[in-house]
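**Student:** Attaching a single structure in structure tokens format; questions to follow.
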Amino acid sequence: MNLQTLFIVIGLSTFMAPLIQKLFFRLNKIDLINQRSSHSVKATRTGGVSSFLSIFLLSLLWYINGIEPYDFSILVPISMMFIIGVYDDFYNANFKLKFFIQIIVAKMIIDQGLVIDNFYGVLGFDEIPRIAAQLFTIFVFLVIVNSINFIDGIDGLALTEVFKIILLFEFFHSGNSNLFALGSLTLGSLIPLYFYNFKSKNKIFLGDAGSLFLGTVVAVYTFYFLGPDYALSIPFNKPLLSILILLYPLTDLLRVFIIRIKNKTSPFRPDNNHLHHLLLNKEFSHFKISIILPFGFLILSSVIVFLVKS
């Protein structure tokens with residue numbers, strides 16, 4: 001993975017984003033404005049489509065030329081999550097269907113060797129039995145994917161958080177990780193979406209296609225991070241560090257679930273109780289919120305790491 005490839009994926013994403021949006025306009029598949037919307041202009045939920053296709057096309061080119069900078073088989077579960085996300089953007093899929101597909105995808109990832117089978121001393125556990133490890137990994141996958149989906153509510157927020165998470169997973173690896181090429185393609189494909197997210201008209205949002213496939217990439221990184229092949233560059237407990245890296249989306253997910261259960265509503269029923277809604281009510285701009293929340297939690301996580309190490 002070099003700078004030339006990075007510029008190519010950025011160019012591909014930049015080129016495809018408006019083309020795909022025009023197609024969705026022709027199909028009259030726009031993001032409808034309702035009481036939960038944080039925008040008031042014409043927009044489509046096609047950012048995830050241009051991002052995923054950029055990654056897929058470059059990976060296909062590598063495959064045809066016999067180049068394998070990462071294990072291409074991981075694209076199969078990622079593609080499945082992308083497809084269910086596209087279906088959801090078109091037809092508002094039932095959450096039970098999405099959960100069923102997510103469980104299947106999690107099992108596919110597990111069968112590729114990415115499984116959480118060691119707690120590294122947390123709660124007094126080290127290695128855990130095979131079935132327990134698989135069930136726990138499926139649970140963690142569901143939590144991560146849906147937490148990323150939950151924070152995708154305003155311009156730039158999910159993009160910034162995914163950027164931060166992938167960069168941190170790479171930062172704490174001593175050298176380039178096995179997922180470096182996939183992570184680089186993902187980040188490169190997201191860069192143009194900042195422009196389209198913050199446009200004053202004809203906006204392009206990630207959509208569920210984007211948040212679900214990006215959540216899957218984050219989950220894959222997390223499982224790899226917690227596995228034996230990830231060489232941690234600092235002396236720190238892996239499970240605790242992974243939670244700190246994912247602290248913002250996990251906190252938002254837990255908080256929203258508690259509020260919804262307390263209000264006796266479904267934990268999966270959309271509402272305006274996310275952390276970004278609190279800041280919107282304080283009249284913070286989308287841009288400021290997309291900086292405050294990811295980097296505010298980054299500072300908090302850094303303080304915790306410093307206190308634990310000292």
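Identifiers in this document derive from the order of the structure tokens: chains are assigned A, B, ..., residues are numbered from 1 separately in each chain, and ligands are numbered from 1 in order of occurrence.
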Hey, could you make a per-residue contact list for range 240-304 of chain A against range 223-235 of chain A with 12 Å as the cut-off, showing the nearest pair of atoms and its distance in Å to one decimal, counting only C-alpha atoms, sorted by chain and number, as a tab-separated table?
**Tutor:**
```
residue	atom	partner	partner_atom	distance
A:Leu240	CA	A:Leu226	CA	10.2
A:Leu241	CA	A:Leu226	CA	9.6
A:Ser242	CA	A:Phe225	CA	7.7
A:Ile243	CA	A:Leu226	CA	10.9
A:Ile245	CA	A:Phe225	CA	11.0
```
**Student:** Suppose we keep N, CA and C atoms; can you now write the selection as an mmCIF file, in the first residue's frame?
**Tutor:**
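This went into again-v8.cif:
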```cif
data_model
loop_
_atom_site.group_PDB
_atom_site.id
_atom_site.type_symbol
_atom_site.label_atom_id
_atom_site.label_comp_id
_atom_site.auth_asym_id
_atom_site.auth_seq_id
_atom_site.Cartn_x
_atom_site.Cartn_y
_atom_site.Cartn_z
ATOM 1 N N LEU A 240 -9.073 -3.917 27.876
ATOM 2 C CA LEU A 240 -9.328 -2.582 28.412
ATOM 3 C C LEU A 240 -9.002 -1.513 27.365
ATOM 4 N N LEU A 241 -7.880 -1.681 26.662
ATOM 5 C CA LEU A 241 -7.491 -0.694 25.655
ATOM 6 C C LEU A 241 -8.491 -0.678 24.500
ATOM 7 N N SER A 242 -8.996 -1.838 24.101
ATOM 8 C CA SER A 242 -9.979 -1.879 23.016
ATOM 9 C C SER A 242 -11.255 -1.141 23.415
ATOM 10 N N ILE A 243 -11.675 -1.290 24.674
ATOM 11 C CA ILE A 243 -12.859 -0.573 25.155
ATOM 12 C C ILE A 243 -12.614 0.927 25.141
ATOM 13 N N ILE A 245 -10.570 2.555 23.160
ATOM 14 C CA ILE A 245 -10.548 3.004 21.773
ATOM 15 C C ILE A 245 -11.972 3.189 21.248
#
```
**Student:** May I have the residues within 7 Å of range 173-190 of chain A as a list in words, using only C-alpha atoms and disregarding those fewer than 5 positions away in the same chain?
**Tutor:**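 My list of contacting residues is Met1, Leu6, Val9, Ile10, Ser13, Ser51, Ser54, Ile55, Pro69, Tyr70, Leu159, Phe163, Ile166, Tyr230, Ala231, Leu232 and Ser233 of chain A.
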**Student:** Include C-alpha atoms and write out the residues we just selected as an mmCIF file, in the first residue's frame.
**Tutor:**
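File produced: selection-v2.cif:
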```
data_model
loop_
_atom_site.group_PDB
_atom_site.id
_atom_site.type_symbol
_atom_site.label_atom_id
_atom_site.label_comp_id
_atom_site.auth_asym_id
_atom_site.auth_seq_id
_atom_site.Cartn_x
_atom_site.Cartn_y
_atom_site.Cartn_z
ATOM 1 C CA MET A 1 0.000 0.000 0.000
ATOM 2 C CA LEU A 6 -4.194 6.033 -1.583
ATOM 3 C CA VAL A 9 -8.943 5.320 -3.912
ATOM 4 C CA ILE A 10 -9.572 8.956 -2.937
ATOM 5 C CA SER A 13 -14.543 7.758 -4.221
ATOM 6 C CA SER A 51 -16.838 4.181 -0.338
ATOM 7 C CA SER A 54 -13.925 2.129 -4.253
ATOM 8 C CA ILE A 55 -12.479 -0.420 -1.829
ATOM 9 C CA PRO A 69 -1.851 -6.938 0.591
ATOM 10 C CA TYR A 70 -4.576 -8.267 2.910
ATOM 11 C CA LEU A 159 -16.709 9.422 9.561
ATOM 12 C CA PHE A 163 -11.139 7.486 11.200
ATOM 13 C CA ILE A 166 -8.781 2.719 12.678
ATOM 14 C CA TYR A 230 -1.531 -8.253 17.023
ATOM 15 C CA ALA A 231 1.728 -7.000 18.530
ATOM 16 C CA LEU A 232 0.786 -4.285 21.033
ATOM 17 C CA SER A 233 3.409 -1.544 21.170
#
```
**Student:** Got a sec to tell me which of range 48-235 of chain A DSSP assigns to strand (DSSP E or B), as an NGL selection string?
**Tutor:** :A and (118 or 127 or 173 or 203-204 or 232)
**Student:** Would you export the selected residues with N, CA and C atoms as a short mmCIF file (atom, residue, chain, number, x, y, z; two decimals), in the first residue's frame, please?
**Tutor:**
```cif
data_model
loop_
_atom_site.label_atom_id
_atom_site.label_comp_id
_atom_site.auth_asym_id
_atom_site.auth_seq_id
_atom_site.Cartn_x
_atom_site.Cartn_y
_atom_site.Cartn_z
N ASN A 118 -9.59 -15.03 24.39
CA ASN A 118 -8.71 -14.78 25.52
C ASN A 118 -9.08 -13.45 26.16
N GLU A 127 -7.72 -17.78 28.63
CA GLU A 127 -8.36 -18.48 27.52
C GLU A 127 -9.74 -19.00 27.94
N HIS A 173 -0.11 -0.74 17.08
CA HIS A 173 0.56 -1.93 16.56
C HIS A 173 2.03 -1.60 16.32
N LYS A 203 -26.66 16.98 -0.31
CA LYS A 203 -25.75 16.30 0.61
C LYS A 203 -25.70 14.79 0.33
N ILE A 204 -24.60 14.18 0.73
CA ILE A 204 -24.46 12.73 0.64
C ILE A 204 -24.12 12.19 2.02
N LEU A 232 1.06 -5.55 20.36
CA LEU A 232 0.79 -4.29 21.03
C LEU A 232 2.09 -3.58 21.37
#
```
**Student:** Counting only C-alpha atoms, which of A:Phe150, A:Thr222, A:Thr44, A:Asn2 gets nearest to Ile20 in chain A?
**Tutor:**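 For Ile20 in chain A, the nearest of the candidates is A:Thr44.
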**Student:** Nearest to Ile165 in chain A among A:Ile110, A:Leu60, A:Leu214, A:Leu246, with distances taken over only C-alpha atoms: which residue is it?
**Tutor:**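 Distance minimum relative to Ile165 in chain A lands on A:Leu246.
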**Student:** Which residues are near range 80-86 of chain A? Cut-off 6 Å, only C-alpha atoms, ignore same chain within fewer than 3 positions. Put them as a list of chain:residue names.
**Tutor:**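 With the cut-off at 6 Å, the set is A:Pro77, A:Asp89, A:Asp208, A:Ala209, A:Leu212, A:Phe213.
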**Student:** What is the CA of Asn28 in chain A to CA of Gly207 in chain A distance in Å?
**Tutor:**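 Calculated distance between CA of Asn28 in chain A and CA of Gly207 in chain A is 15.4 Å.
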**Student:** Nearest to Ile8 in chain A among A:Ile144, A:Thr160, A:Asp271, A:Ser59, with distances taken over only C-alpha atoms: which residue is it?
**Tutor:** A:Ser59
**Student:** Quick one: residues within 7 Å of Val256 in chain A, only C-alpha atoms counted, chain neighbours fewer than 3 positions away excluded, as a PDB file with C-alpha atoms, in the first residue's frame?
**Tutor:**
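Written file, result12.pdb:
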```pdb
ATOM      1  CA  ASP A 252     -23.637   6.248  23.427  1.00  0.00           C
ATOM      2  CA  LEU A 253     -25.114   2.798  22.720  1.00  0.00           C
ATOM      3  CA  ILE A 259     -33.005   5.454  28.416  1.00  0.00           C
ATOM      4  CA  ARG A 260     -35.209   3.483  26.013  1.00  0.00           C
ATOM      5  CA  ASN A 273     -31.561  10.737  22.904  1.00  0.00           C
ATOM      6  CA  HIS A 274     -28.063  10.287  21.474  1.00  0.00           C
TER       7      HIS A 274
END
```
**Student:** Can you list every residue in range 121-308 of chain A that DSSP puts in alpha helix (DSSP H), as a ChimeraX atom specification?
**Tutor:** /A:130-151,157-171,180-197,207-225,238-245,247-262,275-281,286-308
**Student:** I need the residue nearest Gly113 in chain A from this list: A:Gln134, A:Ile289, A:Pro129, A:Lys282. Use only C-alpha atoms for the distance.
**Tutor:**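 Ranking A:Gln134, A:Ile289, A:Pro129, A:Lys282 by distance to Gly113 in chain A, first place goes to A:Gln134.
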**Student:** At what distance in Å, to one decimal, does CA of Tyr91 in chain A lie from CA of Ile74 in chain A?
**Tutor:**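 Going from CA of Ile74 in chain A over to CA of Tyr91 in chain A, I get 26.3 Å.
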